[in-house]
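J.: File name entry_9.tsv; file contents TSV, C-alpha atoms and all ligand atoms; full text below.
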chain	number	residue	atom	x	y	z
A	1	MET	CA	23.88	-5.22	0.76
A	2	ALA	CA	22.35	-8.64	0.34
A	3	ALA	CA	20.44	-9.35	-2.84
A	4	LYS	CA	16.81	-8.26	-2.74
A	5	ILE	CA	14.06	-10.84	-2.44
A	6	GLN	CA	12.57	-11.22	-5.92
A	7	VAL	CA	8.77	-11.22	-5.73
A	8	THR	CA	6.26	-11.78	-8.51
A	9	VAL	CA	2.84	-10.37	-7.65
A	10	TRP	CA	0.27	-12.36	-9.62
A	11	ASN	CA	-3.26	-11.09	-10.12
A	12	GLU	CA	-6.20	-12.31	-12.13
A	13	GLY	CA	-6.88	-8.65	-13.01
A	14	ARG	CA	-10.41	-9.14	-14.34
A	15	HIS	CA	-12.46	-7.28	-11.70
A	16	GLU	CA	-10.45	-4.12	-12.34
A	17	LYS	CA	-11.36	-4.31	-16.05
A	18	LYS	CA	-15.04	-5.07	-15.57
A	19	ASN	CA	-16.09	-3.13	-12.48
A	20	PRO	CA	-15.48	0.66	-12.30
A	21	VAL	CA	-15.79	0.54	-8.49
A	22	VAL	CA	-12.82	-1.81	-8.34
A	23	ALA	CA	-10.89	0.23	-10.93
A	24	LYS	CA	-11.37	3.29	-8.72
A	25	VAL	CA	-10.16	1.54	-5.57
A	26	TYR	CA	-7.22	0.01	-7.47
A	27	PRO	CA	-6.37	2.24	-10.44
A	28	LYS	CA	-3.14	0.30	-11.02
A	29	GLY	CA	-4.84	-3.03	-10.33
A	30	ILE	CA	-4.68	-5.06	-7.15
A	31	HIS	CA	-1.29	-6.28	-8.37
A	32	GLY	CA	-0.12	-2.68	-8.78
A	33	ALA	CA	-1.06	-1.82	-5.21
A	34	ILE	CA	0.61	-4.90	-3.74
A	35	ALA	CA	3.78	-4.43	-5.81
A	36	GLU	CA	3.94	-0.76	-4.79
A	37	ALA	CA	3.69	-1.73	-1.12
A	38	LEU	CA	6.44	-4.33	-1.45
A	39	ASN	CA	8.72	-2.11	-3.54
A	40	ALA	CA	8.64	0.47	-0.73
A	41	GLN	CA	10.74	-2.04	1.25
A	42	PRO	CA	14.53	-1.73	0.76
A	43	ASP	CA	15.06	-5.50	0.67
A	44	ILE	CA	12.26	-6.47	-1.75
A	45	ALA	CA	12.01	-6.13	-5.54
A	46	ALA	CA	8.49	-6.85	-6.83
A	47	ARG	CA	7.23	-7.21	-10.39
A	48	THR	CA	3.75	-8.11	-11.55
A	49	ALA	CA	2.13	-10.79	-13.71
A	50	THR	CA	-1.53	-11.17	-14.69
A	51	LEU	CA	-3.85	-13.81	-16.08
A	52	ASP	CA	-4.30	-12.25	-19.52
A	53	GLU	CA	-0.59	-12.07	-20.33
A	54	PRO	CA	0.97	-14.94	-22.35
A	55	GLU	CA	1.50	-17.90	-19.98
A	56	HIS	CA	-0.32	-15.71	-17.42
A	57	GLY	CA	2.94	-13.78	-17.07
A	58	LEU	CA	4.56	-16.83	-15.47
A	59	SER	CA	7.09	-18.08	-18.01
A	60	ASP	CA	9.79	-20.53	-16.95
A	61	GLU	CA	12.23	-17.64	-16.81
A	62	VAL	CA	9.95	-15.55	-14.55
A	63	LEU	CA	9.29	-18.49	-12.24
A	64	ARG	CA	12.98	-19.37	-12.07
A	65	GLY	CA	13.75	-15.81	-11.00
A	66	THR	CA	10.96	-15.67	-8.40
A	67	ASP	CA	11.77	-16.20	-4.72
A	68	VAL	CA	8.22	-15.53	-3.56
A	69	LEU	CA	5.00	-15.55	-5.61
A	70	THR	CA	1.87	-13.81	-4.32
A	71	TRP	CA	-1.49	-14.94	-5.74
A	72	TRP	CA	-4.80	-13.05	-6.00
A	73	GLY	CA	-7.65	-14.58	-8.00
A	74	HIS	CA	-11.41	-14.80	-7.72
A	75	MET	CA	-13.73	-14.91	-10.73
A	76	ALA	CA	-11.49	-16.76	-13.18
A	77	HIS	CA	-9.78	-19.55	-11.24
A	78	ASP	CA	-10.82	-21.99	-13.98
A	79	ASP	CA	-9.10	-19.88	-16.66
A	80	VAL	CA	-5.70	-20.56	-15.14
A	81	ALA	CA	-4.03	-23.15	-17.37
A	82	ASP	CA	-3.23	-26.45	-15.70
A	83	ALA	CA	0.24	-26.37	-17.28
A	84	VAL	CA	0.99	-23.12	-15.41
A	85	VAL	CA	-0.39	-24.55	-12.18
A	86	ASP	CA	1.90	-27.57	-12.66
A	87	LYS	CA	4.94	-25.29	-12.99
A	88	VAL	CA	4.02	-23.15	-9.96
A	89	HIS	CA	3.40	-26.32	-7.94
A	90	GLN	CA	6.80	-27.70	-8.89
A	91	ARG	CA	8.57	-24.44	-7.99
A	92	ALA	CA	6.71	-24.27	-4.67
A	93	LEU	CA	7.84	-27.79	-3.74
A	94	GLU	CA	11.39	-26.92	-4.77
A	95	GLY	CA	11.43	-24.00	-2.34
A	96	MET	CA	9.73	-20.92	-3.84
A	97	GLY	CA	7.58	-19.10	-1.30
A	98	LEU	CA	3.87	-18.73	-2.07
A	99	ILE	CA	1.51	-16.21	-0.49
A	100	VAL	CA	-2.14	-16.88	-1.30
A	101	LEU	CA	-4.47	-13.94	-0.73
A	102	HIS	CA	-8.17	-13.67	0.09
A	103	SER	CA	-10.32	-15.36	-2.60
A	104	GLY	CA	-7.24	-17.24	-3.75
A	105	HIS	CA	-8.46	-19.88	-1.28
A	106	LEU	CA	-10.22	-21.49	-4.28
A	107	ALA	CA	-7.31	-21.08	-6.70
A	108	LYS	CA	-6.22	-24.30	-8.39
A	109	ILE	CA	-2.71	-24.00	-6.98
A	110	PHE	CA	-3.92	-23.56	-3.38
A	111	ARG	CA	-6.41	-26.43	-3.57
A	112	ARG	CA	-3.77	-28.69	-5.02
A	113	LEU	CA	-1.24	-27.83	-2.31
A	114	MET	CA	-3.83	-28.27	0.45
A	115	GLY	CA	-5.55	-31.38	-0.96
A	116	THR	CA	-8.93	-30.30	0.44
A	117	SER	CA	-11.88	-28.31	-0.92
A	118	CYS	CA	-10.73	-25.02	0.72
A	119	THR	CA	-14.38	-23.91	0.93
A	120	LEU	CA	-15.56	-21.45	3.59
A	121	ARG	CA	-18.56	-19.42	4.72
A	122	TRP	CA	-18.86	-15.90	3.24
A	123	ARG	CA	-21.04	-12.82	3.17
A	124	GLU	CA	-20.38	-9.52	1.39
A	125	ASP	CA	-21.69	-7.01	3.93
A	126	GLY	CA	-18.92	-4.41	4.21
A	127	ALA	CA	-18.86	-4.65	8.00
A	128	ARG	CA	-15.88	-4.53	10.37
A	129	GLU	CA	-13.23	-7.23	10.76
A	130	VAL	CA	-10.79	-7.53	13.65
A	131	LEU	CA	-7.77	-9.72	12.98
A	132	TRP	CA	-6.35	-10.77	16.35
A	133	VAL	CA	-2.68	-11.76	16.51
A	134	THR	CA	-2.50	-15.31	17.87
A	135	CYS	CA	1.25	-15.82	17.41
A	136	PRO	CA	2.94	-12.55	18.46
A	137	ALA	CA	6.48	-13.94	18.27
A	138	HIS	CA	6.07	-14.99	14.64
A	139	PRO	CA	8.02	-12.89	12.11
A	140	ILE	CA	4.87	-12.45	10.02
A	141	ALA	CA	3.27	-10.57	12.95
A	142	ALA	CA	6.34	-8.36	13.59
A	143	GLY	CA	5.37	-4.75	14.22
A	144	ILE	CA	1.66	-5.52	14.48
A	145	ASP	CA	-0.10	-4.60	17.73
A	146	ASP	CA	-2.73	-6.79	19.36
A	147	CYS	CA	-4.91	-6.71	16.29
A	148	ILE	CA	-5.56	-5.19	12.87
A	149	ILE	CA	-8.93	-3.47	12.46
A	150	LEU	CA	-10.40	-3.22	8.96
A	151	PRO	CA	-13.55	-1.07	8.96
A	152	HIS	CA	-15.15	-2.50	5.80
A	153	THR	CA	-14.60	-6.06	4.64
A	154	GLU	CA	-16.26	-9.11	3.22
A	155	MET	CA	-16.90	-11.77	5.89
A	156	TYR	CA	-15.20	-15.16	5.67
A	157	GLY	CA	-16.18	-17.66	8.37
A	158	GLU	CA	-15.45	-21.17	9.52
A	159	PHE	CA	-15.51	-23.87	8.61
A	160	PHE	CA	-12.54	-23.28	6.33
A	161	ASP	CA	-11.83	-26.69	4.82
A	162	ILE	CA	-8.04	-26.83	4.94
A	163	PRO	CA	-5.59	-29.25	6.55
A	164	GLN	CA	-4.38	-28.25	10.01
A	165	PRO	CA	-1.94	-25.36	9.39
A	166	ASP	CA	1.57	-25.36	10.83
A	167	GLU	CA	0.89	-22.03	12.52
A	168	THR	CA	-2.10	-19.75	12.95
A	169	ILE	CA	-0.90	-16.15	13.03
A	170	PHE	CA	-4.26	-14.32	12.92
A	171	ILE	CA	-7.85	-15.15	13.80
A	172	SER	CA	-10.57	-12.77	12.61
A	173	ASN	CA	-13.90	-11.98	14.12
A	174	PHE	CA	-16.79	-10.33	12.33
A	175	ALA	CA	-19.90	-8.34	13.11
A	176	GLY	CA	-22.11	-11.39	12.54
A	177	GLY	CA	-20.29	-13.36	15.23
A	178	GLU	CA	-18.31	-15.51	12.80
A	179	VAL	CA	-14.63	-16.30	13.29
A	180	PHE	CA	-12.01	-17.28	10.71
A	181	ARG	CA	-8.39	-18.45	10.69
A	182	SER	CA	-7.00	-15.51	8.69
A	183	GLY	CA	-3.24	-15.94	8.64
A	184	LEU	CA	-1.92	-19.47	8.22
A	185	THR	CA	1.39	-21.12	7.43
A	186	PHE	CA	2.06	-24.42	5.69
A	187	ARG	CA	5.19	-26.19	4.44
A	188	ARG	CA	5.12	-28.27	1.29
A	189	GLY	CA	8.38	-29.82	0.10
A	190	ALA	CA	11.03	-27.13	0.61
A	191	GLY	CA	8.48	-24.34	0.11
A	192	ARG	CA	6.74	-22.11	2.60
A	193	ILE	CA	3.12	-21.11	2.06
A	194	PHE	CA	1.21	-18.31	3.79
A	195	TYR	CA	-2.52	-17.81	3.39
A	196	PHE	CA	-3.72	-14.29	4.30
A	197	ARG	CA	-7.41	-13.52	4.23
A	198	PRO	CA	-7.79	-9.72	3.76
A	199	GLY	CA	-8.26	-8.31	0.27
A	200	HIS	CA	-11.78	-8.05	-1.12
A	201	GLU	CA	-11.65	-6.17	-4.44
A	202	THR	CA	-14.19	-3.41	-3.66
A	203	PHE	CA	-12.50	-2.31	-0.40
A	204	PRO	CA	-9.10	-0.54	-0.21
A	205	ILE	CA	-7.61	-3.31	1.94
A	206	TYR	CA	-4.21	-3.38	0.20
A	207	HIS	CA	-3.76	0.32	0.91
A	208	ASP	CA	-3.97	-0.35	4.67
A	209	PRO	CA	-0.54	0.14	6.33
A	210	ALA	CA	-0.90	-2.84	8.70
A	211	VAL	CA	-1.94	-5.16	5.85
A	212	ARG	CA	1.04	-3.92	3.82
A	213	LYS	CA	3.34	-4.61	6.77
A	214	VAL	CA	2.05	-8.18	7.03
A	215	LEU	CA	2.61	-8.70	3.29
A	216	ALA	CA	6.23	-7.53	3.55
A	217	ASN	CA	6.80	-9.66	6.67
A	218	ALA	CA	5.28	-12.66	4.89
A	219	VAL	CA	7.54	-12.20	1.86
A	220	ARG	CA	10.61	-12.24	4.13
A	221	TRP	CA	9.33	-15.32	5.97
A	222	ALA	CA	8.45	-17.21	2.78
A	223	ALA	CA	11.72	-16.42	0.94
A	224	PRO	CA	13.60	-19.64	0.19
A	225	THR	CA	16.08	-20.89	2.77
A	226	GLY	CA	17.23	-23.70	0.50
A	227	SER	CA	16.02	-25.68	-2.45
A	228	MET	CA	15.12	-29.27	-3.07
A	229	LYS	CA	15.15	-31.43	-6.17
A	230	ILE	CA	11.93	-33.37	-6.60
A	231	GLU	CA	13.32	-36.89	-6.99
A	232	CYS	CA	13.81	-40.21	-5.23
A	233	PRO	CA	17.59	-40.81	-4.97
A	234	HIS	CA	18.46	-44.51	-5.22
A	235	LYS	CA	22.24	-44.74	-5.54
A	236	PRO	CA	23.98	-46.42	-2.60
A	237	LEU	CA	25.76	-43.90	-0.40
A	238	GLY	CA	28.77	-46.20	-0.06
A	239	TRP	CA	29.67	-44.77	3.35
A	240	PHE	CA	30.70	-48.04	4.94
A	241	GLU	CA	32.84	-49.27	2.04
A	242	LYS	CA	35.21	-46.31	2.24
A	243	PRO	CA	38.36	-46.58	4.40
A	244	VAL	CA	38.08	-44.31	7.45
B	301	ZN	ZN	-13.80	-11.14	-1.81
Re-express the file's structure as structure tokens.
Ligand code: ZN
T.:
Amino acid sequence: MAAKIQVTVWNEGRHEKKNPVVAKVYPKGIHGAIAEALNAQPDIAARTATLDEPEHGLSDEVLRGTDVLTWWGHMAHDDVADAVVDKVHQRALEGMGLIVLHSGHLAKIFRRLMGTSCTLRWREDGAREVLWVTCPAHPIAAGIDDCIILPHTEMYGEFFDIPQPDETIFISNFAGGEVFRSGLTFRRGAGRIFYFRPGHETFPIYHDPAVRKVLANAVRWAAPTGSMKIECPHKPLGWFEKPV
């Protein structure tokens, strides 16, 4: 059997410590729920890392051994050390996959990779969200029907200030009439990036089977297909000097 895809599930982990409602929804943390979902897949091995660990759990060794990093953060984006962001950025350009979840839209690493403000419209009303599949042939949408329905979510609406994505896999609509590009792919360097909107901390979104399926699909899609050194080669190739 081929080697498993090595995933590191990163979570800020602060809401779970401060808010008993969140701790009840995610007794093992948001990271615990996501890692559990991924580890149920035969081809994925997921471990976790959180903000309050040394180096935020993202040592050089961990990052070197990570094929795909998933990122959930919200209330403490500014507490993420720039030195760690630099290392994650470098690994992403070299080919590590990165899956940015929900409020991670304002994470330092996502804003740096996008180069825009990544701001959006929001409202915490607990109403219904329908994520329509807009790219049914895409591997990230494999096994998903026409749409995913989440009965209670936080609303995110346009305008979402991001560069034009390579692909839009899901578009959400909300009870208030808003729409949002909810599943988006980007390439940066040799790395693949997927932004996936669902995941507000007070709702059991990461226990939803369809959301879990998308996460596993996204890990497979974002897994490295090659790697790239970040450099500007300048030695002559010498092709035309060699005898044929
Ligand atoms: Zn939220």
J.: Mind checking which residues fall within 12 Å of Trp10 (chain A), counting all atoms listed in the file, ignoring those fewer than 2 positions away in the same chain, and posting them as a ChimeraX atom specification?
T.: /A:7-8,12-13,29-35,46-53,55-58,62-63,66,68-73,80,88,98-101,104,107
J.: Closest to ligand ZN 301 (chain B) among A:Pro204, A:Gly238, A:Pro163, A:Gly115, using only C-alpha atoms and all ligand atoms?
T.: A:Pro204
J.: What does the distance between CA of Lys213 (chain A) and CA of Pro198 (chain A) come to in Å, to one decimal place?
T.: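 We find that CA of Lys213 (chain A) and CA of Pro198 (chain A) lie 12.6 Å from each other.
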J.: Using Å and a single decimal, report how far CA of Met228 (chain A) sits from CA of Ala92 (chain A).
T.: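 Distance reported for this atom pair: 9.9 Å.
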J.: Which chains and residue numbers are within 10 Å of ligand ZN 301 (chain B), counting all atoms listed in the file, if I want them as a list in words?
T.: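 Final answer, ordered by chain and number: Gly73, His74, Met75, Leu101, His102, Ser103, Gly104, Trp122, Arg123, Glu124, Thr153, Glu154, Met155, Tyr156, Arg197, Pro198, Gly199, His200, Glu201, Thr202 and Phe203 of chain A.
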J.: I need the residue nearest Val25 (chain A) from this list: A:His207, A:Arg192, A:His234, A:Arg111. Use all atoms listed in the file for the distance.
T.: A:His207
J.: Which residue gives the smallest distance to His138 (chain A) among A:Gln6, A:Thr168, A:Gln41, A:Ser227, with all atoms listed in the file counted?
T.: A:Thr168
J.: So which residues touch Leu93 (chain A) within 12 Å, counting only C-alpha atoms, skipping near sequence neighbours fewer than 5 positions away, as a CSV table (one decimal) with C-alpha atoms, in the coordinates of the input?
T.:
chain,number,residue,atom,x,y,z
A,86,ASP,CA,1.9,-27.6,-12.7
A,87,LYS,CA,4.9,-25.3,-13.0
A,88,VAL,CA,4.0,-23.2,-10.0
A,98,LEU,CA,3.9,-18.7,-2.1
A,109,ILE,CA,-2.7,-24.0,-7.0
A,112,ARG,CA,-3.8,-28.7,-5.0
A,113,LEU,CA,-1.2,-27.8,-2.3
A,186,PHE,CA,2.1,-24.4,5.7
A,187,ARG,CA,5.2,-26.2,4.4
A,188,ARG,CA,5.1,-28.3,1.3
A,189,GLY,CA,8.4,-29.8,0.1
A,190,ALA,CA,11.0,-27.1,0.6
A,191,GLY,CA,8.5,-24.3,0.1
A,192,ARG,CA,6.7,-22.1,2.6
A,193,ILE,CA,3.1,-21.1,2.1
A,224,PRO,CA,13.6,-19.6,0.2
A,226,GLY,CA,17.2,-23.7,0.5
A,227,SER,CA,16.0,-25.7,-2.4
A,228,MET,CA,15.1,-29.3,-3.1
A,229,LYS,CA,15.2,-31.4,-6.2
A,230,ILE,CA,11.9,-33.4,-6.6
A,231,GLU,CA,13.3,-36.9,-7.0
J.: Which is closest to Ala40 (chain A) among A:Ala223, A:Ala3, A:Ala216, A:Cys147, if we use all atoms listed in the file?
T.: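 Of A:Ala223, A:Ala3, A:Ala216, A:Cys147, the one nearest Ala40 (chain A), counting all atoms listed in the file, is A:Ala216.
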J.: Determine the nearest neighbour of Asp79 (chain A) from the options A:Met96, A:Phe174, A:Ala210, A:Lys108, counting all atoms listed in the file.
T.: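 Checking each of A:Met96, A:Phe174, A:Ala210, A:Lys108 against Asp79 (chain A), counting all atoms listed in the file, the winner is A:Lys108.
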J.: What does the structure give for the distance between CA of Arg212 (chain A) and CA of Glu36 (chain A), in Å to one decimal?
T.: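 Pair CA of Arg212 (chain A) / CA of Glu36 (chain A) returns 9.6 Å.
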J.: Tell me which protein, DNA and RNA residues are within 7 Å of Asn173 (chain A), counting only C-alpha atoms, leaving out same-chain ones fewer than 4 positions away, and put them as a list of chain:residue names.
T.: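 Near neighbours after the sequence-gap exclusion: A:Glu129, A:Val130, A:Leu131, A:Gly177, A:Glu178, A:Val179, A:Phe180.
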J.: Could you tell me which of A:Ala83, A:Ala142, A:Ala2, A:Ala222 comes closest to Gly95 (chain A) if we count only C-alpha atoms?
T.: A:Ala222
J.: Give, as JSON, the centre coordinates and the x, y and z edge lengths in Å to one decimal for an axis-aligned box around all listed atoms of region 16-24 of chain A, padded by 3 Å on each side.
T.:
{"center_x": -13.3, "center_y": -0.9, "center_z": -12.2, "size_x": 11.6, "size_y": 14.4, "size_z": 13.7}
